[in-house]
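Asker: Let me begin by handing over the structure; questions about it come next.
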Amino acid sequence: AIFVYSRTGCGPTPSPIGDMLLSNPRVVLAIVPASGAGVASMGGVLPAGLAGSTLFFHGGGLGGSGRCNNAIIRP
């Protein structure tokens, strides 16, 4: 699975793995393995400098169905 974010919007934008629900520029946070059930997760701490910003996240599969979850957070 791949986790990506953007500070500029929710796309969609074409990518080599299909349309991402993010606007350019996009930043890859992590590529992680998924469980046999297709579940992948990651954790981390957002820098204090992002307080008050809107971040757009997209997580998608690199194989199989490519289903994804899209989220907007406001730290």
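We name chains A, B, ... following the order of the structure tokens; residues begin at 1 in each chain, and ligands are numbered from 1 as shown.
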Give me the residues within 10 Å of Val4 in chain A as number ranges by chain, counting only C-alpha atoms and dropping any in the same chain fewer than 4 places off.
Answerer: A: 20-22, 26-31, 56-60, 70
Asker: I need the residues from that last selection saved to file as a tab-separated table (two decimals), in the first residue's frame (with N, CA, C and O atoms), if you can.
Answerer:
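Full text of out.tsv as output:
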chain	number	residue	atom	x	y	z
A	20	MET	N	-5.14	9.59	-8.38
A	20	MET	CA	-5.01	9.82	-6.94
A	20	MET	C	-5.93	10.98	-6.59
A	20	MET	O	-6.06	11.93	-7.34
A	21	LEU	N	-6.55	10.87	-5.43
A	21	LEU	CA	-7.46	11.91	-4.97
A	21	LEU	C	-6.68	13.00	-4.26
A	21	LEU	O	-6.96	13.37	-3.13
A	22	LEU	N	-5.67	13.51	-4.96
A	22	LEU	CA	-4.81	14.57	-4.45
A	22	LEU	C	-4.41	15.49	-5.60
A	22	LEU	O	-4.32	15.06	-6.73
A	26	ARG	N	2.37	16.24	-4.78
A	26	ARG	CA	2.04	15.17	-3.84
A	26	ARG	C	3.34	14.67	-3.21
A	26	ARG	O	4.38	14.68	-3.85
A	27	VAL	N	3.24	14.21	-1.97
A	27	VAL	CA	4.40	13.71	-1.26
A	27	VAL	C	4.11	12.29	-0.77
A	27	VAL	O	3.11	12.08	-0.07
A	28	VAL	N	4.96	11.33	-1.13
A	28	VAL	CA	4.80	9.96	-0.64
A	28	VAL	C	5.31	9.90	0.79
A	28	VAL	O	6.45	10.27	1.08
A	29	LEU	N	4.44	9.45	1.70
A	29	LEU	CA	4.83	9.29	3.10
A	29	LEU	C	5.46	7.94	3.35
A	29	LEU	O	6.45	7.82	4.06
A	30	ALA	N	4.83	6.89	2.82
A	30	ALA	CA	5.32	5.54	3.08
A	30	ALA	C	4.74	4.56	2.08
A	30	ALA	O	3.66	4.77	1.54
A	31	ILE	N	5.49	3.50	1.85
A	31	ILE	CA	4.99	2.33	1.14
A	31	ILE	C	5.14	1.18	2.12
A	31	ILE	O	6.24	0.92	2.62
A	56	PHE	N	-4.45	16.75	2.82
A	56	PHE	CA	-5.27	15.79	2.09
A	56	PHE	C	-4.45	14.50	1.98
A	56	PHE	O	-3.34	14.53	1.46
A	57	PHE	N	-4.99	13.39	2.48
A	57	PHE	CA	-4.28	12.11	2.47
A	57	PHE	C	-4.97	11.14	1.53
A	57	PHE	O	-6.20	11.14	1.41
A	58	HIS	N	-4.18	10.28	0.91
A	58	HIS	CA	-4.70	9.22	0.05
A	58	HIS	C	-3.88	7.97	0.32
A	58	HIS	O	-2.65	8.03	0.32
A	59	GLY	N	-4.58	6.89	0.57
A	59	GLY	CA	-3.91	5.60	0.72
A	59	GLY	C	-4.47	4.66	-0.33
A	59	GLY	O	-5.69	4.59	-0.51
A	60	GLY	N	-3.63	3.97	-1.03
A	60	GLY	CA	-4.11	3.08	-2.07
A	60	GLY	C	-3.27	1.83	-2.19
A	60	GLY	O	-2.14	1.78	-1.72
A	70	ASN	N	-9.60	7.94	1.41
A	70	ASN	CA	-9.12	9.30	1.27
A	70	ASN	C	-9.56	10.06	2.51
A	70	ASN	O	-10.67	9.90	2.97
Asker: CA of Asp19 in chain A to CA of Ser53 in chain A: how many Å, to one decimal?
Answerer: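 Computing the Euclidean distance for CA of Asp19 in chain A and CA of Ser53 in chain A yields 23.8 Å.
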Asker: Skip Pro25 in chain A itself and residues of its chain fewer than 3 positions away, then list as an mmCIF file with C-alpha atoms, in the first residue's frame all residues within 8 Å of it, counting only C-alpha atoms.
Answerer:
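Resulting contents of out.cif:
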data_model
loop_
_atom_site.group_PDB
_atom_site.id
_atom_site.type_symbol
_atom_site.label_atom_id
_atom_site.label_comp_id
_atom_site.auth_asym_id
_atom_site.auth_seq_id
_atom_site.Cartn_x
_atom_site.Cartn_y
_atom_site.Cartn_z
ATOM 1 C CA SER A 6 -0.945 17.011 -0.513
ATOM 2 C CA ARG A 7 -1.375 20.457 0.999
ATOM 3 C CA THR A 8 -2.997 21.845 -2.168
#
Asker: Closest to Tyr5 in chain A among A:Ile17, A:Leu55, A:Ser41, A:Pro47, using only C-alpha atoms?
Answerer: A:Leu55
Asker: Based on the backbone DSSP call, show me all residues of range 3-40 of chain A assigned strand (DSSP E), as a list in words.
Answerer: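 Checking each residue of range 3-40 of chain A, the strand (DSSP E) ones are Phe3, Val4, Tyr5, Ser6, Val27, Val28, Leu29, Ala30 and Ile31 of chain A.
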Asker: By how many Å are CA of Ser23 in chain A and CA of Gly61 in chain A apart?
Answerer: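 The value is 18.4 Å.
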Asker: Between CA of Gly11 in chain A and CA of Gly36 in chain A, measure the distance and give it in Å to one decimal.
Answerer: 29.4 Å
